[in-house]
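Coordinates from protein-v9.txt are shown below (compact mmCIF, C-alpha atoms).
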# COMPACT_ATOMS: atom_id res chain seq x y z
CA MET Y 1 0.00 0.00 0.00
CA ARG Y 2 2.84 2.42 0.82
CA LEU Y 3 4.34 1.75 -2.60
CA LEU Y 4 1.07 2.53 -4.36
CA ILE Y 5 0.77 5.78 -2.38
CA ALA Y 6 4.40 6.69 -3.24
CA LEU Y 7 3.84 5.93 -6.94
CA THR Y 8 0.60 7.91 -6.96
CA ILE Y 9 2.31 10.93 -5.40
CA LEU Y 10 5.21 10.69 -7.89
CA VAL Y 11 2.98 10.45 -10.91
CA SER Y 12 0.53 13.12 -9.73
CA THR Y 13 3.24 15.65 -8.83
CA ASN Y 14 5.36 14.71 -11.85
CA SER Y 15 8.39 15.67 -9.73
CA TRP Y 16 10.79 13.45 -11.70
CA GLY Y 17 9.76 14.37 -15.24
CA GLN Y 18 7.67 12.16 -17.48
CA VAL Y 19 7.12 8.70 -15.99
CA THR Y 20 7.07 6.31 -18.92
CA ASP Y 21 6.79 2.90 -17.26
CA THR Y 22 7.07 0.90 -14.05
CA LEU Y 23 8.78 -2.50 -14.01
CA TYR Y 24 8.78 -5.24 -11.38
CA LEU Y 25 12.25 -6.73 -10.73
CA ASP Y 26 13.66 -9.58 -8.63
CA THR Y 27 16.89 -9.44 -6.59
CA LEU Y 28 18.98 -10.02 -9.76
CA TYR Y 29 17.18 -7.18 -11.59
CA LYS Y 30 15.34 -9.63 -13.84
CA GLU Y 31 11.82 -8.60 -14.74
CA VAL Y 32 9.01 -10.56 -13.06
CA GLU Y 33 5.39 -10.58 -14.14
CA SER Y 34 3.75 -9.41 -10.93
CA LYS Y 35 4.42 -6.97 -8.13
CA LEU Y 36 3.85 -9.80 -5.61
CA LYS Y 37 7.07 -11.49 -6.80
CA ALA Y 38 9.04 -8.23 -7.06
CA LYS Y 39 11.89 -7.16 -4.80
CA TYR Y 40 12.23 -3.78 -6.53
CA PHE Y 41 9.99 -1.49 -8.51
CA ARG Y 42 11.78 0.42 -11.28
CA ILE Y 43 10.26 3.66 -12.45
CA ILE Y 44 11.53 4.64 -15.88
CA ILE Y 45 11.59 8.38 -16.47
CA ASP Y 46 12.31 10.45 -19.58
CA TYR Y 47 13.42 7.65 -21.88
CA ASN Y 48 15.63 9.03 -24.67
CA SER Y 49 15.40 6.63 -27.62
CA SER Y 50 18.05 8.51 -29.64
CA VAL Y 51 20.77 7.41 -27.18
CA ASP Y 52 18.92 4.45 -25.62
CA ARG Y 53 19.37 5.95 -22.17
CA PHE Y 54 16.91 6.78 -19.42
CA HIS Y 55 16.61 8.01 -15.87
CA ALA Y 56 15.48 5.28 -13.48
CA ILE Y 57 14.46 5.21 -9.84
CA ASP Y 58 14.24 1.90 -7.98
CA LEU Y 59 12.05 1.54 -4.91
CA ASN Y 60 11.95 -1.38 -2.52
CA LYS Y 61 8.66 -3.09 -1.71
CA TYR Y 62 8.04 -0.55 1.07
CA GLY Y 63 8.32 2.39 -1.32
CA LYS Y 64 11.79 3.54 -0.17
CA LYS Y 65 14.26 4.67 -2.81
CA VAL Y 66 17.24 2.31 -3.30
CA PHE Y 67 18.65 3.67 -6.59
CA ASP Y 68 18.50 6.91 -8.58
CA GLY Y 69 20.50 7.28 -11.78
CA HIS Y 70 20.78 6.73 -15.51
CA LEU Y 71 20.83 3.34 -17.21
CA ARG Y 72 21.24 2.02 -20.74
CA PHE Y 73 19.23 -1.19 -20.34
CA VAL Y 74 15.92 -1.74 -18.61
CA ASN Y 75 17.07 -4.74 -16.57
CA SER Y 76 20.54 -3.38 -15.84
CA SER Y 77 22.00 -2.78 -12.40
CA PHE Y 78 25.03 -0.99 -13.87
CA PRO Y 79 24.58 2.81 -14.05
CA ASP Y 80 25.68 5.05 -16.89
CA GLY Y 81 26.68 8.51 -15.64
CA ASP Y 82 25.85 9.89 -12.18
CA TYR Y 83 24.12 7.59 -9.66
CA LEU Y 84 23.07 7.21 -6.04
CA PHE Y 85 22.38 4.00 -4.09
CA TYR Y 86 20.56 4.10 -0.74
CA PHE Y 87 20.36 1.85 2.32
CA ASP Y 88 16.95 0.57 3.43
CA ASN Y 89 16.94 3.27 6.14
CA GLY Y 90 17.03 5.96 3.41
CA SER Y 91 20.61 7.14 3.98
CA ILE Y 92 23.05 7.32 1.05
CA ARG Y 93 25.08 4.16 0.54
CA LEU Y 94 27.06 5.13 -2.53
CA LYS Y 95 27.43 8.18 -4.77
CA GLY Y 96 29.27 7.74 -8.04
CA ARG Y 97 29.88 8.57 -11.64
CA ASN Y 98 30.68 6.15 -14.49
CA ARG Y 99 32.22 7.08 -17.84
CA ASN Y 100 32.70 4.99 -20.98
CA VAL Y 101 30.41 2.36 -19.47
CA PHE Y 102 30.22 0.19 -22.57
CA GLY Y 103 33.54 1.25 -24.09
CA LYS Y 104 36.96 -0.25 -23.55
CA ASP Y 105 38.05 2.47 -21.10
CA LEU Y 106 35.57 2.25 -18.21
CA GLU Y 107 36.26 4.75 -15.44
CA PHE Y 108 34.41 5.55 -12.23
CA GLU Y 109 34.73 7.41 -8.97
CA GLU Y 110 32.65 6.50 -5.92
CA GLU Y 111 32.09 7.79 -2.41
CA LEU Y 112 30.77 5.21 0.06
CA TRP Y 113 29.02 5.40 3.44
CA HIS Y 114 28.30 2.97 6.26
CA PRO Y 115 24.64 2.38 7.26
CA ASN Y 116 25.18 4.56 10.38
CA GLY Y 117 25.90 7.58 8.13
CA ILE Y 118 29.69 7.64 8.65
CA LYS Y 119 31.63 7.97 5.42
CA GLN Y 120 33.33 4.69 4.46
CA GLY Y 121 35.67 6.32 1.94
CA ASN Y 122 36.32 6.80 -1.73
CA THR Y 123 37.42 4.51 -4.54
CA SER Y 124 37.97 4.77 -8.28
CA PHE Y 125 38.63 2.64 -11.32
CA LYS Y 126 40.79 3.44 -14.32
CA LYS Y 127 42.18 0.21 -15.77
CA GLN Y 128 42.52 -0.92 -12.11
CA PHE Y 129 40.51 -0.58 -8.91
CA PHE Y 130 41.94 1.99 -6.46
CA ILE Y 131 41.13 2.50 -2.77
CA HIS Y 132 42.03 6.08 -1.85
CA ASN Y 133 40.74 6.57 1.71
CA LEU Y 134 38.73 4.24 3.95
CA PHE Y 135 37.21 4.65 7.40
CA ASP Y 136 35.73 2.04 9.74
CA THR Y 137 32.19 2.30 11.15
CA LEU Y 138 33.49 4.46 14.03
CA GLY Y 139 35.12 6.96 11.67
CA ARG Y 140 38.72 5.83 12.27
CA GLN Y 141 40.79 6.12 9.10
CA GLN Y 142 42.28 2.82 7.92
CA VAL Y 143 43.59 3.78 4.48
CA ILE Y 144 45.25 7.17 4.09
CA ASP Y 145 46.02 8.40 0.57
CA GLY Y 146 46.03 4.84 -0.77
CA ASN Y 147 48.06 3.15 1.99
CA GLY Y 148 47.01 1.03 4.97
CA ARG Y 149 45.24 -2.10 6.11
CA CYS Y 150 41.49 -2.06 5.83
CA THR Y 151 38.19 -3.81 6.08
CA PHE Y 152 36.21 -2.84 2.98
CA ILE Y 153 32.48 -3.53 3.11
CA SER Y 154 30.83 -4.04 -0.26
CA TYR Y 155 27.11 -3.63 0.26
CA PHE Y 156 26.58 -4.34 -3.43
CA ASP Y 157 27.70 -7.98 -3.31
CA LYS Y 158 27.18 -8.31 0.47
CA SER Y 159 30.82 -9.16 1.19
CA ILE Y 160 33.56 -7.93 3.51
CA TYR Y 161 37.09 -7.67 2.12
CA GLU Y 162 40.09 -7.42 4.43
CA GLY Y 163 43.69 -6.79 3.40
CA ASN Y 164 46.52 -4.36 2.69
CA VAL Y 165 46.41 -1.40 0.32
CA ASN Y 166 49.61 -0.05 -1.18
CA SER Y 167 49.55 2.99 -3.51
CA GLY Y 168 45.78 2.59 -3.75
CA LYS Y 169 45.95 -1.03 -4.94
CA LYS Y 170 45.17 -4.31 -3.19
CA ASP Y 171 48.47 -5.95 -2.18
CA GLY Y 172 49.18 -9.31 -0.56
CA LEU Y 173 46.58 -11.64 0.95
CA TRP Y 174 42.95 -10.50 1.02
CA THR Y 175 40.30 -12.47 2.89
CA ILE Y 176 36.65 -12.25 1.82
CA TYR Y 177 33.83 -12.87 4.30
CA ASP Y 178 30.07 -12.90 4.03
CA LEU Y 179 28.21 -10.39 6.20
CA LYS Y 180 27.93 -13.02 8.96
CA GLY Y 181 31.74 -13.27 9.17
CA THR Y 182 32.22 -16.65 7.45
CA VAL Y 183 35.32 -16.84 5.21
CA ILE Y 184 34.21 -17.39 1.62
CA ALA Y 185 37.51 -16.84 -0.27
CA ARG Y 186 41.16 -15.85 -0.01
CA GLU Y 187 42.92 -13.99 -2.81
CA THR Y 188 46.50 -12.83 -3.31
CA TYR Y 189 47.25 -9.56 -5.11
CA ARG Y 190 50.43 -7.92 -6.36
CA GLU Y 191 50.13 -4.21 -7.24
CA GLY Y 192 46.36 -4.58 -7.65
CA ASN Y 193 46.50 -7.66 -9.91
CA LEU Y 194 44.99 -10.93 -8.74
CA ILE Y 195 47.76 -13.56 -8.87
CA ARG Y 196 46.13 -16.38 -6.90

Now that the file is in, can you turn its structure into C-alpha cells?
Amino acid sequence: MRLLIALTILVSTNSWGQVTDTLYLDTLYKEVESKLKAKYFRIIIDYNSSVDRFHAIDLNKYGKKVFDGHLRFVNSSFPDGDYLFYFDNGSIRLKGRNRNVFGKDLEFEEELWHPNGIKQGNTSFKKQFFIHNLFDTLGRQQVIDGNGRCTFISYFDKSIYEGNVNSGKKDGLWTIYDLKGTVIARETYREGNLIR
C-alpha cells in the first residue's frame, strides 16, 4: 500500500519528469510478471530513444528509494553517468559517476558510506581498482592516501574484504567474508593484480 501511495504521489506531482513505465524486478534485476514477486519497482523516467538511455528510480517493496540514476538497459544494475544508491533506512550508501560504461576504457569514482551515516571512503577505477581513503564504522581512518590495512564492506555484493592497500591497490593476501563473518575466499594480489 505504501508503494502505491508513493507511486501515486510521484505520478501526480510529476516531480521526476515524465514517468514512462514501471517494471517489477527480482533481486537479480530480472523482470518478473507481478508486483507480488518483485523485490524492486523500477520507475523509468524520460526515456531518450536517440541514445537508448533513461533516468530510473528503484524503490523497494516498502516504497523507499534504493537507486536513482541513468541506465542504458531496462534490466541493468550498472549505471551510466551519475548515480546514487541508498540503504533501506534511506541514507546514502554510494554516490558515483561512471564514464565509458560500454567502451573499452571504463572509469568511475565513488564515495561510500556505512549504514550509520559515517563515510566509508572513496574509490575509483581506471584500468585498475583503487582504494584512496577508507574509514571504519566508528570513523577511524584505515587507508590514508592509498596506503594502509582495511576492512572494505561491499554492500553491493554483500561481502567484507580485508587486506593491505599499497599505492591505492590491493596488495598481498585478502580475505573475503560474508556479512555473517564466514570466510568465503582468499585472494593474493600484487600491485592490484589478482595472482592467486

Which residues of range 43-91 of chain Y have any atom within 10 Å of an atom in range 113-116 of chain Y when counting all atoms listed in the file, and what is the closest pair of atoms for each, with the distance in Å to one decimal? Order the rows by chain and rising number and write it as a Markdown table.
| residue | atom | partner | partner_atom | distance |
| --- | --- | --- | --- | --- |
| Y:Tyr86 | CA | Y:Pro115 | CA | 9.1 |
| Y:Phe87 | CA | Y:Pro115 | CA | 6.6 |
| Y:Asp88 | CA | Y:Pro115 | CA | 8.8 |
| Y:Asn89 | CA | Y:Pro115 | CA | 7.8 |
| Y:Gly90 | CA | Y:Pro115 | CA | 9.2 |
| Y:Ser91 | CA | Y:Pro115 | CA | 7.0 |

Inset, instruction - Determine, counting all atoms listed in the file, which protein, DNA and RNA residues have an atom within 8 Å of an atom of range 128-138 of chain Y; residues of the same chain fewer than 4 positions away are not included. Present the result as a list in words. - result: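 Contacts, in chain order: His114, Asn116, Ile118, Lys119, Gln120, Gly121, Asn122, Thr123, Ser124, Gln142, Val143, Ile144, Asp145, Gly146, Asn147, Cys150, Thr151, Phe152, Val165, Gly168, Lys169, Lys170 and Gly192 of chain Y.
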
Inset, instruction - Write out as a ChimeraX atom specification which residues come within 8 Å of range 92-97 of chain Y when counting only C-alpha atoms, dropping same-chain ones fewer than 5 positions away. - result: /Y:80-87,108-115,117

Inset, instruction - Provide the CA of Phe41 in chain Y to CA of Tyr24 in chain Y distance in Å, to one decimal place. - result: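 Separation of CA of Phe41 in chain Y and CA of Tyr24 in chain Y: 4.9 Å.
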
Inset, instruction - Quote the spacing between CA of Asp21 in chain Y and CA of Gly103 in chain Y in Å to one decimal place. - result: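 If I compute the distance from CA of Asp21 in chain Y to CA of Gly103 in chain Y, I get 27.7 Å.
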
Legend entry - Using all atoms listed in the file: which of Y:Lys104, Y:Lys61, Y:Thr22, Y:His55 has the shortest distance to Ile43 in chain Y: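 Of the candidates, the smallest distance to Ile43 in chain Y is held by Y:Thr22.
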
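Going from CA of Ile44 in chain Y to CA of Leu23 in chain Y covers 7.9 Å.
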
Inset, instruction - Using all atoms listed in the file, pick whichever of Y:Tyr62, Y:Leu25, Y:Asp46, Y:Lys37 has the shortest atom-to-atom distance to Ser77 in chain Y. - result: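 Closest to Ser77 in chain Y of all the choices is Y:Leu25.
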
Inset, instruction - Please identify all polymer residues within 9 Å of Tyr161 in chain Y, counting only C-alpha atoms, omitting same-chain residues fewer than 6 positions from it, and present them as JSON, numbers by chain. - result: {"Y": [150, 151, 152, 153, 154, 174, 175, 176, 177, 178]}

Inset, instruction - Pick out the closest residue to Arg42 in chain Y from this set: Y:Leu59, Y:Asp68, Y:Lys30, Y:Asn100. Count only C-alpha atoms. - result: Y:Leu59

Inset, instruction - Between Y:Lys127, Y:Asn60, Y:Phe54, Y:Phe78, single out the one closest to Ala38 in chain Y, counting all atoms listed in the file. - result: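 Under the stated criterion, the closest residue is Y:Asn60.
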